[in-house]
Each structure stands twice: as structure tokens, then as C-alpha cells.
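Enquirer: Input: one structure, supplied below.
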Amino acid sequence: MLRIHFTSHDLQNIRVARQPDPLWELICSVCRLETGQGPLDFGHWRRAAHDRLAQDAVAGRALRPLRTLIPAAGYIPDFLTPPVTGGGLSAGLDQLQRTPRTRLVRELTRLAESRPVPNWTTSLGRPGSDALKSLAGALGIYFRALLEPYWPHIRTAVGNDVDLRSRALLDGGTGALLDGLRPLARWRPPVLEVDYPTERDLYLEGRGLLLVPSFFCWRRPTALADPGLDPVLVYPVRKAPLAVAHGTDDGLERLLGRTRAAVLTEVASRTARTTSEIALALGIALPSVSYQIGVLRDGGLVTSHREGKYVLHMATPLGLRLLGAGSLSGAR
């Protein structure tokens with residue numbers, strides 16, 4: 001368990017990243033690639049990634065140093081995930097290349113204590129060496145080959161979670177925001193108890209906390225290993241493995257009726273929608289939307305679950321197929 005200790009100042013300085021962070025997604029995706037974890041969430045992407053790596057020698061070579069530095073479990077050097085700025089991949093890689101040599105040595109030494117590392121890692125950050133630049137290049141190649149084609153889908157899933165956290169914050173303040181992280185974490189003021197593979201205590205000491213929603217993070221949150229760095233908590237978001245084809249055709253309207261087809265399409269357009277959001281988007285009375293959601297749920301096309309004070313609706317795989325959803329590889 002990870003216990004994050006807040007002060008009153010920390011509670012005033014909780015932030016949520018508005019969009020997925022490329023390097024955190026990249027690091028987490030390498031972990032998912034190396035295992036069979038999350039077959040429903042990541043199985044299609046993993047198969048497509050392996051096919052791409054088999055056909056793309058450049059991407060295959062880029063993955064080799066990443067496998068060295070990013071084990072599927074255990075310690076991962078913090079310099080691979082510099083501070084989240086929202087500036088995109090290029091900004092993150094620029095920050096990574098400016099990592100001080102002393103920090104690189106410290107973190108790579110810690111990595112070597114847990115697993116063998118090749119000799120090339122000792123040249124990272126050495127004056128006159130381009131090893132760190134080459135590593136940044138490998139990260140960029142991997143991202144463009146295996147993540148960039150799916151970035152709109154990843155961004156949508158993270159955006160849906162940010163909407164959910166924003167509703168909690170607006171309605172109930174920071175306490176509701178932290179309490180809404182269940183079951184991944186439990187808010188016991190002034191401590192956030194996080195599901196974590198090791199026993200740790202993190203004292204924020206006025207620095208605040210950045211919450212980073214992530215598509216490729218799986219099952220439990222993760223955090224930087226060094227307690228002296230700016231505190232972040234990366235946590236998994238709800239995700240749909242398929243990209244929804246927007247809109248519907250006359251056949252779907254004849255099958256379901258115009259209103260019910262519109263409600264299903266609106267539900268499927270985002271990972272999760274509240275009844276009020278659907279009613280507002282479609283300009284339909286709230287009781288009518290509730291009725292249509294009930295019919296769709298009874299028909300196995302929609303599922304509903306409670307998140308705090310909200311009931312969120314999602315399209316089921318059957319509902320997505322009925323809408324003519326394409327595979328994730330079709331998302332561009």
C-alpha cells in the first residue's frame with residue numbers, strides 16, 4: 001500500500017492532468033506489451049503491435065533499449081517520465097535529454113541492483129556521448145509506430161475520466177475528488193491509501209499532488225519512486241477497446257426507432273455518459289432518456305454503473321457492433 005500524506009496546503013494544490021501524457025503512456029504500454037495483462041483492454045493493441053514490430057525493423061530496434069530500462073514489474077527509472085507539462089511528446093523528450101548526469105547514475109545504479117543492465121547504460125549522460133539522444137530517438141520511434149495511430153482513442157478515454165473528476169470536484173470539492181478514486185484508493189483524511197505493490201509512505205509537505213489519468217496504466221495506480229520529485233499519481237481510466245463509428249444509418253433507426261438509436265449513439269460516443277448529459281446533448285426530456293436507457297439496458301446494448309453520486313452509462317460490445325464499430329486499429 002502507498003500512503004500519501006496531505007497537509008491543508010496540499011489539499012488546495014491537487015491538480016488533474018487534462019490529457020494523456022505521452023511518456024507515461026509509453027512506459028505503461030511497454031509493460032503491457034511484455035505481458036499478457038488485460039487481454040480485453042489491450043489484447044487487440046498488443047497483437048497489432050507485435051505484427052508491426054515483426055514488419056518494421058526500425059521499430060523493433062527501438063524497442064530493445066526500452067525493454068532494458070522498463071521491466072514489466074519492479075523499479076523503473078524516474079527520468080523516463082519527466083514532469084507532466086501538457087507540452088506533448090517533443091517537450092517530454094527534450095526534458096528527458098536534459099536529465100543531470102548525477103541523477104542518471106543514481107537511478108541506473110538502482111535499476112542495476114534489481115536486474116542486469118548492459119554496458120551501454122553507463123554512457124547515458126556522459127559528456128560527449130549521444131546515448132541519451134539515441135534513447136530519446138528510440139522513444140520517439142516507438143511512440144509513432146505503436147501509440148500515435150491510437151492517440152485519438154487514448155485521448156478520448158482520458159478526457160472522459162477528466163470530465164468525471166471535474167464533476168466530482170465541482171459538486172463536492174477535493175474530498176469528493178479523492179474519494180472518487182475508489183476502488184483504486186481510499187481517502188481517509190488526511191491520508192490517501194493507494195493500492196500499491198509495496199509498502200510506502202509519501203509525504204507531500206505542501207507540494208500538492210498531480211493526478212495523471214492513463215489509458216495503459218492497468219489495475220492499480222503508480223507513482224514516481226523518488227519521494228523528492230514533484231509528486232504524481234498515475235491511475236488507470238475506464239476504457240473501451242473499440243473505437244465507435246459515429247452516427248447511425250436508416251437501418252438502425254428502423255430497428256430501434258429514431259430516439260432510441262440517437263440515445264445509443266450518444267452513449268457510445270464517449271466512454272461513459274450520465275443521463276443528464278445525454279438529455280442535454282440530444283435535447284430530449286430527462287424522463288424520456290431514462291426510459292430509453294432502460295430499454296437499451298434490458299436489450300443488452302447499454303450497461304450502467306454508479307460512480308459516487310453519478311450513474312454512468314456505457315455501450316456494451318453488442319451495442320458497439322450494432323452501431324457498426326470498427327476495430328481499434330481503425331482509430332486515427
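Residues in the C-alpha cells are named by chain (A, B, ... in the order shown) and by number from 1 within that chain; ligands are numbered from 1 in the order shown.
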Could you list, as a list of chain:residue names, every residue within 9 Å of region 154-160 of chain A, counting only C-alpha atoms and ignoring same-chain residues fewer than 6 positions away?
Expert: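 After dropping sequence-adjacent residues, the list is A:Arg18, A:Gln19, A:Pro20, A:Leu147, A:Pro213, A:Ser214, A:Phe215, A:Phe216, A:Val237, A:Arg238, A:Lys239, A:Ala240, A:Arg270, A:Thr271, A:Ala272, A:Arg273.
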Enquirer: Next, the residues of the selection above should be written as an mmCIF file, in the first residue's frame with C-alpha atoms.
Expert:
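So the final result, stored in part.cif, reads:
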data_model
loop_
_atom_site.group_PDB
_atom_site.id
_atom_site.type_symbol
_atom_site.label_atom_id
_atom_site.label_comp_id
_atom_site.auth_asym_id
_atom_site.auth_seq_id
_atom_site.Cartn_x
_atom_site.Cartn_y
_atom_site.Cartn_z
ATOM 1 C CA ARG A 18 -6.211 17.332 -18.744
ATOM 2 C CA GLN A 19 -4.811 14.993 -21.387
ATOM 3 C CA PRO A 20 -2.777 11.788 -21.589
ATOM 4 C CA LEU A 147 0.879 4.622 -29.928
ATOM 5 C CA PRO A 213 -5.236 9.571 -15.764
ATOM 6 C CA SER A 214 -3.732 6.921 -18.031
ATOM 7 C CA PHE A 215 -5.044 4.542 -20.689
ATOM 8 C CA PHE A 216 -2.219 1.980 -20.461
ATOM 9 C CA VAL A 237 -9.071 5.020 -16.576
ATOM 10 C CA ARG A 238 -12.099 3.100 -17.773
ATOM 11 C CA LYS A 239 -11.556 2.213 -21.382
ATOM 12 C CA ALA A 240 -13.306 0.673 -24.364
ATOM 13 C CA ARG A 270 -17.950 8.666 -25.105
ATOM 14 C CA THR A 271 -16.708 6.016 -22.714
ATOM 15 C CA ALA A 272 -19.303 6.971 -20.091
ATOM 16 C CA ARG A 273 -22.243 9.393 -20.063
#
Enquirer: I'd like the neighbourhood of Arg182 (chain A) as a PyMOL selection string, where a residue qualifies if any of its atoms comes within 9 Å (using only C-alpha atoms), though same-chain residues fewer than 5 positions away should be ignored.
Expert: chain A and resi 187+307-308
Enquirer: If you keep N, CA, C and O atoms, can you produce a file of those selected residues as an mmCIF file, in the first residue's frame?
Expert:
data_model
loop_
_atom_site.group_PDB
_atom_site.id
_atom_site.type_symbol
_atom_site.label_atom_id
_atom_site.label_comp_id
_atom_site.auth_asym_id
_atom_site.auth_seq_id
_atom_site.Cartn_x
_atom_site.Cartn_y
_atom_site.Cartn_z
ATOM 1 N N TRP A 187 -9.784 7.330 0.559
ATOM 2 C CA TRP A 187 -9.481 8.602 1.207
ATOM 3 C C TRP A 187 -9.859 8.528 2.682
ATOM 4 O O TRP A 187 -11.027 8.438 3.043
ATOM 5 N N GLU A 307 -20.803 5.684 -10.102
ATOM 6 C CA GLU A 307 -19.504 6.250 -9.730
ATOM 7 C C GLU A 307 -19.796 7.397 -8.762
ATOM 8 O O GLU A 307 -20.135 8.499 -9.184
ATOM 9 N N GLY A 308 -19.691 7.141 -7.450
ATOM 10 C CA GLY A 308 -20.019 8.167 -6.482
ATOM 11 C C GLY A 308 -21.495 8.513 -6.580
ATOM 12 O O GLY A 308 -22.375 7.656 -6.491
#
Enquirer: Fewer than 5 positions away in the same chain doesn't count, so skip those; otherwise give me all residues within 12 Å of region 191-206 of chain A, counting only C-alpha atoms, as number ranges by chain.
Expert: A: 1-14, 73-75, 174-175, 177-186, 218-236
Enquirer: Run DSSP on the backbone and give me the residues of region 16-229 of chain A it puts in alpha helix (DSSP H), as a VMD selection string.
Expert: chain A and resid 22 to 33 39 to 55 57 to 69 88 to 97 101 to 114 131 to 142 151 to 179
Enquirer: Can you tell me, as number ranges by chain, which residues in region 88-276 of chain A count as strand (DSSP E or B) by DSSP?
Expert: A: 185-188, 191-194, 200-203, 209-214, 222-223, 232-236, 243, 273-274
Enquirer: With region 136-144 of chain A as the partner and 7 Å as the cut-off, tabulate the residues of region 2-90 of chain A that qualify, each row holding the nearest pair of atoms and their distance in Å to one decimal, using only C-alpha atoms, sorted by chain and rising number, as JSON lines.
Expert:
{"residue": "A:Leu26", "atom": "CA", "partner": "A:Phe143", "partner_atom": "CA", "distance": 6.6}
{"residue": "A:Ala59", "atom": "CA", "partner": "A:Tyr142", "partner_atom": "CA", "distance": 5.8}
{"residue": "A:Ala62", "atom": "CA", "partner": "A:Ala138", "partner_atom": "CA", "distance": 4.5}
{"residue": "A:Leu63", "atom": "CA", "partner": "A:Tyr142", "partner_atom": "CA", "distance": 6.6}
